[in-house]
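Step one of this worksheet: look at the structure below.
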Amino acid sequence: MSTRRRPGPPLAALALAVVLVAGLVPPAAAAGPDYPGRDRPYHTNAEMIRAIRAARAAHPDLVDLRSIGKSHQGQDIWVAKVSDNVELDEPEPEVLVDALHHARERLSLEQALAMLATLTGDYATDPRVRSLVDAREVWIIFSLNPDGHVYDVGGFPWRLWRKNRQPTPGSAYVGTDLNRNYDYRWGCCGGSSGNPAAWNYRGPAPFSAPETRTFRDFVDSRVVDGRQQIRAHLTLHTNGEQVLWPFGYTKADVPPDMTREDHRAFVALARGMAARNGYRPMQSSDLYVTDGDQIDWMYGRHRIFSFTWELYPPQTRATATDHYSTAAIITRETARNRSAFLYLLRAAACPWATIGRQQANCGPFFDDFEGSTGWTADPDGLDTATGGRWQRTNPAETSSDGPRQLDATVSGSRALVTGGAAGADAGANDLDGVTTVRSGPIVLPAAPGSLTFRYYLAHDASSGPEDWLRAWVEDATGERTLVFEELGAAESDDAAWAAVRLPLEAWAGQAVRIVLGAADDGVDGIVEAAIDDVRVERP
């Protein structure tokens with residue numbers, strides 16, 4: 001398969017190699033107390049590092065380890081990558097798991113370690129595990145909050161500590177709730193606190209915590225050619241035995257920043273996991289409202305199907321019993337989630353398959369413009385538009401003897417339009433000149449499906465054939481073939497969504513790009529164009 005350059009700082013990888021060769025634990029991780037007595041089977045931070053090093057040593061062909069950044073106190077935040085060709089960055093669906101956002105939620109670390117053990121230990125004996133490891137790239141972050149974890153273990157019996165260990169400027173209080181520190185809807189909706197003393201203190205600003213910045217930078221690094229490679233994500237917490245999907249910031253089932261298809265897929269995936277581990281599937285805000293949390297950010301910024309697992313036990317009346325289960329349950333409760341975990345790994349190849357949308361949404365390319373997928377504006381440097389350039393936005397309605405720009409998109413809230421704002425009149429932000437965009441590379445199979453999209457070209461009666469909407473297919477040499485064209489005419493044409501389907505057999509097995517263009521290149525009239533739901537379907 002083709003490969004991509006692996007992300008991650010080379011010096012961190014080198015440092016890890018030195019640690020492995022020397023047989024040492026990094027000094028920051030070596031400090032800190034052990035779990036006492038009957039809780040001894042729980043892993044401290046140092047024991048976690050030894051465990052993942054051992055997995056790497058036992059399965060060097062399947063496991064890679066690297067530090068993706070540092071905590072406030074300078075401890076490494078470790079991630080393991082599991083895949084068959086682990087040293088290569090292959091174009092395979094990726095799944096990300098993280099644990100220990102909250103220091104006291106120690107069972108989440110055990111669950112992450114159990115997932116690593118399943119993927120490595122069962123690879124040789126379980127055909128289902130082998131097929132998934134061969135076809136996926138799985139990333140596991142075992143402790144996003146190592147400082148808080150070390151601090152919590154040092155209490156007697158525990159400190160009930162949740163946050164990180166970063167002092168709050170201008171305050172005597174220490175710690176930010178990492179799961180309220182992401183920048184999507186941060187502090188918007190009563191789902192966090194601005195009080196540094198609060199258990200859910202969101203920090204003085206989004207991403208003020210180095211741990212959340214580290215996580216953000218890692219997820220951002222998985223955008224390749226403008227497209228996010230992580231398809232599904234699990235964040236592990238305690239407790240309540242629930243599978244939660246976004247959003248946490250609103251009680252609305254389908255707010256404007258989520259498509260109805262995505263909501264249906266979220267529900268189906270959560271129910272699929274819950275059917276296998278006995279948890280309760282529910283929207284995150286049905287538990288309680290949160291803002292600035294991780295799964296909202298993962299979906300809202302990156303369109304990743306992101307879930308929270310609230311692990312054992314069921315909800316109790318005491319914080320200690322919620323989070324400090326006896327070590328006797330570790331094996332039973334982590335094994336309970338094995339099938340649900342493998343289910344999500346399988347579903348990650350096409351999350352929409354759970355609602356029967358695999359042909360439309362899971363081909364070589366799908367963009368409904370709800371997120372960024374790597375289109376390049378003015379790729380040739382020849383655009384002449386002085387207004388109304390292509391932009392991905394939530395459009396406002398305009399009218400001039402009929403609708404010229406629609407505020408209704410085909411799906412979701414955004415589309416590719418020639419100037420989204422309404423302005424003082426219909427001509428204020430309409431297209432003037434030529435505007436083009438080009439997609440990232442799209443690798444077509446030997447038997448490609450069709451190129452489909454929805455569109456309109458709206459204009460007034462001053463229009464003519466110099467005004468147009470066009471689509472080209474560009475091959476690897478840069479040669480373009482016009483595959484769609486609609487021209488203006490001397491009549492009023494209202495905005496109304498239409499559909500187009502175009503064959504791609506001529507480019508079978510090739511890497512291509514889609515180029516979209518629109519022009520108001522004649523008499524200066526009112527011209528608006530829009531594109532939505534661009535797909536290269538499965539055959």
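We name chains A, B, ... following the order of the structure tokens; residues begin at 1 in each chain, and ligands are numbered from 1 as shown.
Within the 6 Å cut-off around A:Ser399, using only C-alpha atoms and omitting residues fewer than 4 positions from it on the same chain, the listed residues are Pro403, Arg404 and Ala426 of chain A.
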Could you find all residues in stretch 69-170 of chain A that DSSP calls alpha helix (DSSP H) from the backbone, and write them as an MDAnalysis selection string? chainID A and resid 107:121 127:135 146:153
Compile the contact shell of stretch 317-320 of chain A as a short mmCIF file (atom, residue, chain, number, x, y, z; two decimals) with all heavy atoms, in the first residue's frame: residues with an atom at most 10 Å away, counting only C-alpha atoms, same-chain residues fewer than 2 positions apart removed.
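The result, stored in part.cif:
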```cif
data_model
loop_
_atom_site.label_atom_id
_atom_site.label_comp_id
_atom_site.auth_asym_id
_atom_site.auth_seq_id
_atom_site.Cartn_x
_atom_site.Cartn_y
_atom_site.Cartn_z
N ARG A 104 -8.92 10.22 39.17
CA ARG A 104 -9.44 9.19 40.07
C ARG A 104 -10.13 8.05 39.34
O ARG A 104 -10.53 7.07 39.97
CB ARG A 104 -10.42 9.83 41.06
CG ARG A 104 -11.67 10.42 40.41
CD ARG A 104 -12.39 11.33 41.35
NE ARG A 104 -13.61 11.90 40.76
CZ ARG A 104 -14.28 12.92 41.28
NH1 ARG A 104 -13.85 13.49 42.39
NH2 ARG A 104 -15.38 13.38 40.68
N PRO A 157 -7.12 7.14 52.08
CA PRO A 157 -6.76 6.09 51.13
C PRO A 157 -6.56 6.65 49.71
O PRO A 157 -5.72 6.17 48.99
CB PRO A 157 -7.94 5.13 51.19
CG PRO A 157 -9.09 6.00 51.58
CD PRO A 157 -8.53 7.06 52.48
N TRP A 158 -7.37 7.68 49.31
CA TRP A 158 -7.17 8.34 48.03
C TRP A 158 -7.53 9.81 48.20
O TRP A 158 -8.14 10.21 49.20
CB TRP A 158 -8.03 7.72 46.91
CG TRP A 158 -8.08 6.23 46.96
CD1 TRP A 158 -9.15 5.44 47.21
CD2 TRP A 158 -6.98 5.34 46.77
NE1 TRP A 158 -8.81 4.12 47.20
CE2 TRP A 158 -7.47 4.02 46.93
CE3 TRP A 158 -5.63 5.50 46.49
CZ2 TRP A 158 -6.67 2.90 46.83
CZ3 TRP A 158 -4.83 4.38 46.38
CH2 TRP A 158 -5.35 3.10 46.55
N ARG A 159 -7.20 10.60 47.21
CA ARG A 159 -7.48 12.03 47.32
C ARG A 159 -8.77 12.43 46.59
O ARG A 159 -9.12 13.60 46.59
CB ARG A 159 -6.31 12.83 46.75
CG ARG A 159 -5.07 12.83 47.66
CD ARG A 159 -4.09 13.90 47.23
NE ARG A 159 -3.04 14.11 48.22
CZ ARG A 159 -1.81 13.61 48.13
NH1 ARG A 159 -1.47 12.87 47.10
NH2 ARG A 159 -0.92 13.86 49.07
N LEU A 160 -9.43 11.50 45.93
CA LEU A 160 -10.64 11.82 45.15
C LEU A 160 -10.34 12.92 44.13
O LEU A 160 -11.21 13.74 43.84
CB LEU A 160 -11.78 12.24 46.07
CG LEU A 160 -12.30 11.17 47.04
CD1 LEU A 160 -13.36 11.76 47.97
CD2 LEU A 160 -12.90 10.00 46.27
N ASN A 239 -18.10 6.79 36.10
CA ASN A 239 -18.75 5.50 36.09
C ASN A 239 -20.19 5.67 35.63
O ASN A 239 -20.62 6.79 35.32
CB ASN A 239 -18.75 4.91 37.50
CG ASN A 239 -19.57 5.74 38.46
OD1 ASN A 239 -19.37 6.96 38.61
ND2 ASN A 239 -20.56 5.13 39.08
N GLN A 315 -24.23 3.87 38.76
CA GLN A 315 -24.17 5.05 39.60
C GLN A 315 -24.50 4.72 41.05
O GLN A 315 -25.44 3.98 41.34
CB GLN A 315 -25.15 6.11 39.09
CG GLN A 315 -24.86 7.52 39.56
CD GLN A 315 -23.57 8.08 38.96
OE1 GLN A 315 -23.24 7.79 37.82
NE2 GLN A 315 -22.86 8.88 39.73
N ASP A 322 -18.06 5.18 43.43
CA ASP A 322 -18.17 5.40 41.98
C ASP A 322 -16.84 5.11 41.28
O ASP A 322 -16.82 4.55 40.18
CB ASP A 322 -18.58 6.84 41.68
CG ASP A 322 -20.07 7.07 41.82
OD1 ASP A 322 -20.82 6.08 41.90
OD2 ASP A 322 -20.48 8.24 41.85
N HIS A 323 -15.74 5.52 41.88
CA HIS A 323 -14.46 5.54 41.17
C HIS A 323 -13.40 4.60 41.74
O HIS A 323 -12.41 4.34 41.07
CB HIS A 323 -13.90 6.96 41.15
CG HIS A 323 -14.82 7.96 40.53
ND1 HIS A 323 -15.28 7.85 39.24
CD2 HIS A 323 -15.39 9.08 41.05
CE1 HIS A 323 -16.09 8.87 38.97
NE2 HIS A 323 -16.17 9.63 40.05
N TYR A 324 -13.58 4.08 42.94
CA TYR A 324 -12.55 3.27 43.57
C TYR A 324 -13.02 1.84 43.79
O TYR A 324 -13.04 1.33 44.91
CB TYR A 324 -12.09 3.91 44.88
CG TYR A 324 -11.46 5.27 44.68
CD1 TYR A 324 -12.07 6.42 45.15
CD2 TYR A 324 -10.26 5.39 44.00
CE1 TYR A 324 -11.49 7.66 44.96
CE2 TYR A 324 -9.67 6.64 43.80
CZ TYR A 324 -10.29 7.78 44.28
OH TYR A 324 -9.71 9.01 44.09
N SER A 325 -13.40 1.21 42.69
CA SER A 325 -13.82 -0.19 42.78
C SER A 325 -12.65 -1.07 43.19
O SER A 325 -11.49 -0.79 42.86
CB SER A 325 -14.35 -0.66 41.42
OG SER A 325 -15.47 0.10 41.03
#
```
Residues near stretch 433-439 of chain A, anyone? I mean within 10 Å using only C-alpha atoms, not counting same-chain ones fewer than 2 positions away, as a VMD selection string. chain A and resid 225 to 226 365 367 373 to 391 416 418 430 to 431 441 to 442 467 to 474 512 to 522 524 527
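A straight line drawn from atom CA of A:Trp245 to atom CA of A:Phe266 is 6.4 Å long.
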Point-to-point distance from atom CA of A:Tyr455 to atom CA of A:Asp257, Å rounded to tenths: 21.1 Å
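Using only C-alpha atoms, the nearest neighbour of A:Gly37 within the list A:Leu178, A:Ala498, A:Ile295, A:Ala328 is A:Ala328.
Residues of stretch 74-219 of chain A that DSSP, applied to the backbone, places in strand (DSSP E or B): Asp76, Ile77, Trp78, Val79, Ala80, Lys81, Val82, Asp89, Glu94, Val95, Leu96, Val97, Asp98, Glu137, Val138, Trp139, Ile140, Ile141, Pro167, Val174, Ser193 and Tyr201 of chain A.
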Would you mind exporting N, CA and C atoms of the selected residues as a PDB file, in the first residue's frame?
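Listing of part_25.pdb after writing:
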```pdb
ATOM      1  N   ASP A  76       5.668  12.342  30.374  1.00  0.00           N
ATOM      2  CA  ASP A  76       5.283  11.999  29.008  1.00  0.00           C
ATOM      3  C   ASP A  76       3.853  11.493  28.955  1.00  0.00           C
ATOM      4  N   ILE A  77       3.180  11.834  27.877  1.00  0.00           N
ATOM      5  CA  ILE A  77       1.855  11.287  27.571  1.00  0.00           C
ATOM      6  C   ILE A  77       2.059  10.295  26.437  1.00  0.00           C
ATOM      7  N   TRP A  78       1.897   9.014  26.768  1.00  0.00           N
ATOM      8  CA  TRP A  78       2.261   7.931  25.860  1.00  0.00           C
ATOM      9  C   TRP A  78       1.085   7.483  25.023  1.00  0.00           C
ATOM     10  N   VAL A  79       1.379   7.177  23.762  1.00  0.00           N
ATOM     11  CA  VAL A  79       0.396   6.562  22.879  1.00  0.00           C
ATOM     12  C   VAL A  79       1.016   5.309  22.270  1.00  0.00           C
ATOM     13  N   ALA A  80       0.211   4.268  22.169  1.00  0.00           N
ATOM     14  CA  ALA A  80       0.606   3.061  21.439  1.00  0.00           C
ATOM     15  C   ALA A  80      -0.170   3.012  20.135  1.00  0.00           C
ATOM     16  N   LYS A  81       0.529   2.723  19.083  1.00  0.00           N
ATOM     17  CA  LYS A  81      -0.123   2.449  17.806  1.00  0.00           C
ATOM     18  C   LYS A  81      -0.091   0.945  17.587  1.00  0.00           C
ATOM     19  N   VAL A  82      -1.230   0.384  17.197  1.00  0.00           N
ATOM     20  CA  VAL A  82      -1.324  -1.045  16.923  1.00  0.00           C
ATOM     21  C   VAL A  82      -1.811  -1.225  15.491  1.00  0.00           C
ATOM     22  N   ASP A  89       2.639   4.394   7.771  1.00  0.00           N
ATOM     23  CA  ASP A  89       1.398   5.148   7.918  1.00  0.00           C
ATOM     24  C   ASP A  89       0.530   4.811   6.718  1.00  0.00           C
ATOM     25  N   GLU A  94      -8.722   4.706  11.025  1.00  0.00           N
ATOM     26  CA  GLU A  94      -8.051   4.798  12.315  1.00  0.00           C
ATOM     27  C   GLU A  94      -9.076   4.938  13.442  1.00  0.00           C
ATOM     28  N   VAL A  95      -8.730   4.355  14.581  1.00  0.00           N
ATOM     29  CA  VAL A  95      -9.554   4.435  15.788  1.00  0.00           C
ATOM     30  C   VAL A  95      -8.657   4.897  16.923  1.00  0.00           C
ATOM     31  N   LEU A  96      -9.145   5.838  17.720  1.00  0.00           N
ATOM     32  CA  LEU A  96      -8.395   6.385  18.838  1.00  0.00           C
ATOM     33  C   LEU A  96      -9.125   6.085  20.145  1.00  0.00           C
ATOM     34  N   VAL A  97      -8.379   5.647  21.145  1.00  0.00           N
ATOM     35  CA  VAL A  97      -8.894   5.417  22.494  1.00  0.00           C
ATOM     36  C   VAL A  97      -8.050   6.242  23.457  1.00  0.00           C
ATOM     37  N   ASP A  98      -8.685   6.863  24.446  1.00  0.00           N
ATOM     38  CA  ASP A  98      -7.909   7.516  25.503  1.00  0.00           C
ATOM     39  C   ASP A  98      -8.519   7.215  26.857  1.00  0.00           C
ATOM     40  N   GLU A 137      -5.643   1.100  11.878  1.00  0.00           N
ATOM     41  CA  GLU A 137      -4.584   1.657  12.710  1.00  0.00           C
ATOM     42  C   GLU A 137      -5.250   2.143  13.993  1.00  0.00           C
ATOM     43  N   VAL A 138      -4.877   1.525  15.114  1.00  0.00           N
ATOM     44  CA  VAL A 138      -5.503   1.810  16.399  1.00  0.00           C
ATOM     45  C   VAL A 138      -4.503   2.547  17.282  1.00  0.00           C
ATOM     46  N   TRP A 139      -4.929   3.656  17.845  1.00  0.00           N
ATOM     47  CA  TRP A 139      -4.101   4.462  18.744  1.00  0.00           C
ATOM     48  C   TRP A 139      -4.709   4.414  20.136  1.00  0.00           C
ATOM     49  N   ILE A 140      -3.880   4.175  21.155  1.00  0.00           N
ATOM     50  CA  ILE A 140      -4.360   4.128  22.537  1.00  0.00           C
ATOM     51  C   ILE A 140      -3.501   5.055  23.385  1.00  0.00           C
ATOM     52  N   ILE A 141      -4.133   6.088  23.949  1.00  0.00           N
ATOM     53  CA  ILE A 141      -3.495   6.986  24.908  1.00  0.00           C
ATOM     54  C   ILE A 141      -3.928   6.499  26.291  1.00  0.00           C
ATOM     55  N   PRO A 167      -1.401  24.844  38.403  1.00  0.00           N
ATOM     56  CA  PRO A 167      -1.917  25.963  39.202  1.00  0.00           C
ATOM     57  C   PRO A 167      -2.721  26.932  38.335  1.00  0.00           C
ATOM     58  N   VAL A 174      -5.489  24.651  42.478  1.00  0.00           N
ATOM     59  CA  VAL A 174      -4.729  23.881  41.503  1.00  0.00           C
ATOM     60  C   VAL A 174      -5.697  23.009  40.715  1.00  0.00           C
ATOM     61  N   SER A 193     -17.610  25.135  35.008  1.00  0.00           N
ATOM     62  CA  SER A 193     -17.547  26.244  35.957  1.00  0.00           C
ATOM     63  C   SER A 193     -16.348  27.129  35.664  1.00  0.00           C
ATOM     64  N   TYR A 201     -14.010  22.881  36.853  1.00  0.00           N
ATOM     65  CA  TYR A 201     -13.406  24.135  36.410  1.00  0.00           C
ATOM     66  C   TYR A 201     -12.835  23.967  35.008  1.00  0.00           C
TER      67      TYR A 201
END
```
Across A:Ser306, A:Thr290, A:Ser192, A:Asn45, the smallest distance to A:Arg231, with only C-alpha atoms counted, is shown by A:Ser306
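Of the residues under consideration (A:Met298, A:Arg216, A:Phe207, A:His59), A:Met298 shows the shortest atom-to-atom contact distance to A:Ile230 when counting only C-alpha atoms.
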So that I can check the surroundings of A:Phe369, please list as a VMD selection string every protein, DNA and RNA residue that reaches within 7 Å of it, counting only C-alpha atoms and ignoring chain neighbours fewer than 2 positions away. chain A and resid 367 371 to 372 392 414 to 416 532
Write out, as a PDB file, in the first residue's frame, the residues just selected, with all heavy atoms.
```pdb
ATOM      1  N   ASP A 367     -18.145  14.545   0.918  1.00  0.00           N
ATOM      2  CA  ASP A 367     -18.041  15.844   1.568  1.00  0.00           C
ATOM      3  C   ASP A 367     -19.384  16.552   1.494  1.00  0.00           C
ATOM      4  O   ASP A 367     -19.847  16.924   0.415  1.00  0.00           O
ATOM      5  CB  ASP A 367     -16.967  16.705   0.901  1.00  0.00           C
ATOM      6  CG  ASP A 367     -16.644  17.952   1.719  1.00  0.00           C
ATOM      7  OD1 ASP A 367     -17.247  18.120   2.803  1.00  0.00           O
ATOM      8  OD2 ASP A 367     -15.796  18.752   1.297  1.00  0.00           O
ATOM      9  N   GLY A 371     -17.575  19.966   7.478  1.00  0.00           N
ATOM     10  CA  GLY A 371     -16.228  20.146   8.006  1.00  0.00           C
ATOM     11  C   GLY A 371     -15.260  20.347   6.862  1.00  0.00           C
ATOM     12  O   GLY A 371     -15.618  20.235   5.687  1.00  0.00           O
ATOM     13  N   SER A 372     -14.012  20.645   7.205  1.00  0.00           N
ATOM     14  CA  SER A 372     -12.993  20.871   6.185  1.00  0.00           C
ATOM     15  C   SER A 372     -12.426  19.542   5.714  1.00  0.00           C
ATOM     16  O   SER A 372     -12.055  18.688   6.520  1.00  0.00           O
ATOM     17  CB  SER A 372     -11.869  21.734   6.763  1.00  0.00           C
ATOM     18  OG  SER A 372     -10.827  21.889   5.833  1.00  0.00           O
ATOM     19  N   ARG A 392     -17.080  27.722   2.275  1.00  0.00           N
ATOM     20  CA  ARG A 392     -17.868  26.719   2.990  1.00  0.00           C
ATOM     21  C   ARG A 392     -18.499  27.413   4.183  1.00  0.00           C
ATOM     22  O   ARG A 392     -17.820  27.846   5.107  1.00  0.00           O
ATOM     23  CB  ARG A 392     -16.964  25.577   3.459  1.00  0.00           C
ATOM     24  CG  ARG A 392     -17.679  24.488   4.234  1.00  0.00           C
ATOM     25  CD  ARG A 392     -16.706  23.406   4.673  1.00  0.00           C
ATOM     26  NE  ARG A 392     -15.705  23.890   5.615  1.00  0.00           N
ATOM     27  CZ  ARG A 392     -15.896  23.977   6.936  1.00  0.00           C
ATOM     28  NH1 ARG A 392     -17.058  23.632   7.460  1.00  0.00           N
ATOM     29  NH2 ARG A 392     -14.936  24.407   7.722  1.00  0.00           N
ATOM     30  N   ARG A 414     -24.225  23.603   6.329  1.00  0.00           N
ATOM     31  CA  ARG A 414     -23.256  24.282   5.484  1.00  0.00           C
ATOM     32  C   ARG A 414     -23.273  23.721   4.076  1.00  0.00           C
ATOM     33  O   ARG A 414     -23.645  22.578   3.836  1.00  0.00           O
ATOM     34  CB  ARG A 414     -21.843  24.154   6.064  1.00  0.00           C
ATOM     35  CG  ARG A 414     -21.642  24.864   7.390  1.00  0.00           C
ATOM     36  CD  ARG A 414     -20.228  24.682   7.884  1.00  0.00           C
ATOM     37  NE  ARG A 414     -19.970  25.393   9.128  1.00  0.00           N
ATOM     38  CZ  ARG A 414     -20.187  24.905  10.332  1.00  0.00           C
ATOM     39  NH1 ARG A 414     -20.653  23.663  10.454  1.00  0.00           N
ATOM     40  NH2 ARG A 414     -19.942  25.617  11.410  1.00  0.00           N
ATOM     41  N   ALA A 415     -22.826  24.560   3.151  1.00  0.00           N
ATOM     42  CA  ALA A 415     -22.639  24.161   1.762  1.00  0.00           C
ATOM     43  C   ALA A 415     -21.490  25.003   1.206  1.00  0.00           C
ATOM     44  O   ALA A 415     -20.991  25.928   1.858  1.00  0.00           O
ATOM     45  CB  ALA A 415     -23.908  24.366   0.945  1.00  0.00           C
ATOM     46  N   LEU A 416     -21.057  24.673  -0.013  1.00  0.00           N
ATOM     47  CA  LEU A 416     -20.076  25.481  -0.728  1.00  0.00           C
ATOM     48  C   LEU A 416     -20.857  26.480  -1.561  1.00  0.00           C
ATOM     49  O   LEU A 416     -21.599  26.089  -2.478  1.00  0.00           O
ATOM     50  CB  LEU A 416     -19.213  24.589  -1.625  1.00  0.00           C
ATOM     51  CG  LEU A 416     -18.026  25.255  -2.316  1.00  0.00           C
ATOM     52  CD1 LEU A 416     -16.957  25.651  -1.302  1.00  0.00           C
ATOM     53  CD2 LEU A 416     -17.434  24.333  -3.375  1.00  0.00           C
ATOM     54  N   ASP A 532     -23.335  21.067  -2.857  1.00  0.00           N
ATOM     55  CA  ASP A 532     -23.421  20.352  -1.586  1.00  0.00           C
ATOM     56  C   ASP A 532     -23.364  18.858  -1.854  1.00  0.00           C
ATOM     57  O   ASP A 532     -23.630  18.391  -2.970  1.00  0.00           O
ATOM     58  CB  ASP A 532     -24.719  20.713  -0.861  1.00  0.00           C
ATOM     59  CG  ASP A 532     -24.610  20.549   0.656  1.00  0.00           C
ATOM     60  OD1 ASP A 532     -23.550  20.099   1.142  1.00  0.00           O
ATOM     61  OD2 ASP A 532     -25.589  20.879   1.365  1.00  0.00           O
TER      62      ASP A 532
END
```
Residues within 12 Å of A:Glu370, please, as a VMD selection string. Count only C-alpha atoms; anything in the same chain fewer than 4 positions from it doesn't count. chain A and resid 256 to 259 262 299 to 304 366 391 to 394 409 to 416 532 to 534
Residues as selected, N, CA, C and O atoms, written as a short mmCIF file (atom, residue, chain, number, x, y, z; two decimals), in the first residue's frame, can you do that?
```cif
data_model
loop_
_atom_site.label_atom_id
_atom_site.label_comp_id
_atom_site.auth_asym_id
_atom_site.auth_seq_id
_atom_site.Cartn_x
_atom_site.Cartn_y
_atom_site.Cartn_z
N PRO A 256 -28.14 22.30 14.92
CA PRO A 256 -27.67 22.68 13.58
C PRO A 256 -26.28 22.16 13.23
O PRO A 256 -25.95 22.02 12.04
N ASP A 257 -25.43 21.88 14.23
CA ASP A 257 -24.08 21.43 13.94
C ASP A 257 -23.96 19.91 13.90
O ASP A 257 -22.85 19.38 14.02
N MET A 258 -25.06 19.22 13.71
CA MET A 258 -25.03 17.77 13.49
C MET A 258 -26.05 17.43 12.39
O MET A 258 -27.16 17.94 12.39
N THR A 259 -25.64 16.57 11.47
CA THR A 259 -26.59 16.17 10.44
C THR A 259 -27.51 15.07 10.97
O THR A 259 -27.17 14.34 11.91
N ASP A 262 -25.85 11.70 10.62
CA ASP A 262 -24.85 11.45 11.66
C ASP A 262 -25.52 11.08 12.97
O ASP A 262 -25.06 10.18 13.69
N TYR A 299 -16.18 15.55 17.43
CA TYR A 299 -17.17 15.56 16.36
C TYR A 299 -17.32 16.96 15.75
O TYR A 299 -17.32 17.12 14.53
N GLY A 300 -17.43 17.98 16.61
CA GLY A 300 -17.69 19.32 16.11
C GLY A 300 -16.57 19.89 15.28
O GLY A 300 -16.81 20.62 14.32
N ARG A 301 -15.32 19.56 15.61
CA ARG A 301 -14.18 20.09 14.86
C ARG A 301 -13.68 19.13 13.78
O ARG A 301 -13.18 19.57 12.75
N HIS A 302 -13.79 17.82 14.02
CA HIS A 302 -13.16 16.85 13.12
C HIS A 302 -14.12 15.84 12.50
O HIS A 302 -13.67 14.98 11.73
N ARG A 303 -15.37 15.90 12.84
CA ARG A 303 -16.37 14.98 12.27
C ARG A 303 -16.02 13.51 12.59
O ARG A 303 -16.23 12.60 11.79
N ILE A 304 -15.46 13.27 13.75
CA ILE A 304 -15.12 11.92 14.19
C ILE A 304 -16.29 11.38 15.00
O ILE A 304 -16.86 12.08 15.85
N PHE A 366 -16.41 11.68 0.25
CA PHE A 366 -17.72 12.18 0.67
C PHE A 366 -17.49 13.50 1.38
O PHE A 366 -16.73 13.58 2.33
N GLN A 391 -16.98 29.68 -0.71
CA GLN A 391 -16.69 29.52 0.71
C GLN A 391 -17.62 28.46 1.29
O GLN A 391 -18.75 28.29 0.85
N ARG A 392 -17.08 27.72 2.28
CA ARG A 392 -17.87 26.72 2.99
C ARG A 392 -18.50 27.41 4.18
O ARG A 392 -17.82 27.85 5.11
N THR A 393 -19.84 27.52 4.16
CA THR A 393 -20.48 28.32 5.18
C THR A 393 -21.95 27.96 5.29
O THR A 393 -22.50 27.20 4.49
N ASN A 394 -22.58 28.53 6.30
CA ASN A 394 -24.03 28.45 6.46
C ASN A 394 -24.62 29.65 5.73
O ASN A 394 -24.53 30.78 6.21
N THR A 409 -29.66 24.15 3.09
CA THR A 409 -28.69 23.29 2.44
C THR A 409 -29.31 21.92 2.22
O THR A 409 -30.41 21.63 2.68
N VAL A 410 -28.58 21.04 1.54
CA VAL A 410 -29.10 19.70 1.28
C VAL A 410 -29.06 18.87 2.55
O VAL A 410 -29.98 18.11 2.86
N SER A 411 -27.98 19.00 3.31
CA SER A 411 -27.85 18.27 4.57
C SER A 411 -27.04 19.13 5.51
O SER A 411 -26.17 19.89 5.09
N GLY A 412 -27.29 19.01 6.80
CA GLY A 412 -26.55 19.81 7.76
C GLY A 412 -26.86 21.29 7.61
O GLY A 412 -27.94 21.68 7.18
N SER A 413 -25.88 22.13 7.94
CA SER A 413 -26.10 23.57 7.92
C SER A 413 -25.18 24.31 6.97
O SER A 413 -25.33 25.51 6.79
N ARG A 414 -24.22 23.60 6.33
CA ARG A 414 -23.26 24.28 5.48
C ARG A 414 -23.27 23.72 4.08
O ARG A 414 -23.64 22.58 3.84
N ALA A 415 -22.83 24.56 3.15
CA ALA A 415 -22.64 24.16 1.76
C ALA A 415 -21.49 25.00 1.21
O ALA A 415 -20.99 25.93 1.86
N LEU A 416 -21.06 24.67 -0.01
CA LEU A 416 -20.08 25.48 -0.73
C LEU A 416 -20.86 26.48 -1.56
O LEU A 416 -21.60 26.09 -2.48
N ASP A 532 -23.33 21.07 -2.86
CA ASP A 532 -23.42 20.35 -1.59
C ASP A 532 -23.36 18.86 -1.85
O ASP A 532 -23.63 18.39 -2.97
N ASP A 533 -22.98 18.12 -0.82
CA ASP A 533 -22.98 16.66 -0.82
C ASP A 533 -22.26 16.08 -2.05
O ASP A 533 -22.85 15.38 -2.88
N VAL A 534 -20.96 16.37 -2.14
CA VAL A 534 -20.13 15.81 -3.21
C VAL A 534 -19.69 14.41 -2.79
O VAL A 534 -19.10 14.23 -1.72
#
```
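Using only C-alpha atoms, the residues found no farther than 6 Å from stretch 333-341 of chain A, other than those of its own chain fewer than 3 positions away, are Gln111, Met273, Arg276, Asn277, Ile329, Ile330 and Leu344 of chain A.
With distances restricted to only C-alpha atoms, A:Gly464 is the closest residue to A:Glu486 from A:Pro503, A:Pro281, A:Pro313, A:Gly464.
Counting from atom CA of A:Cys362, the distance to atom CA of A:Arg271 is 20.7 Å.
Residue nearest A:Pro146, chosen from A:Gln229, A:Thr44, A:Thr316, A:Thr477 and counting only C-alpha atoms: A:Thr44.
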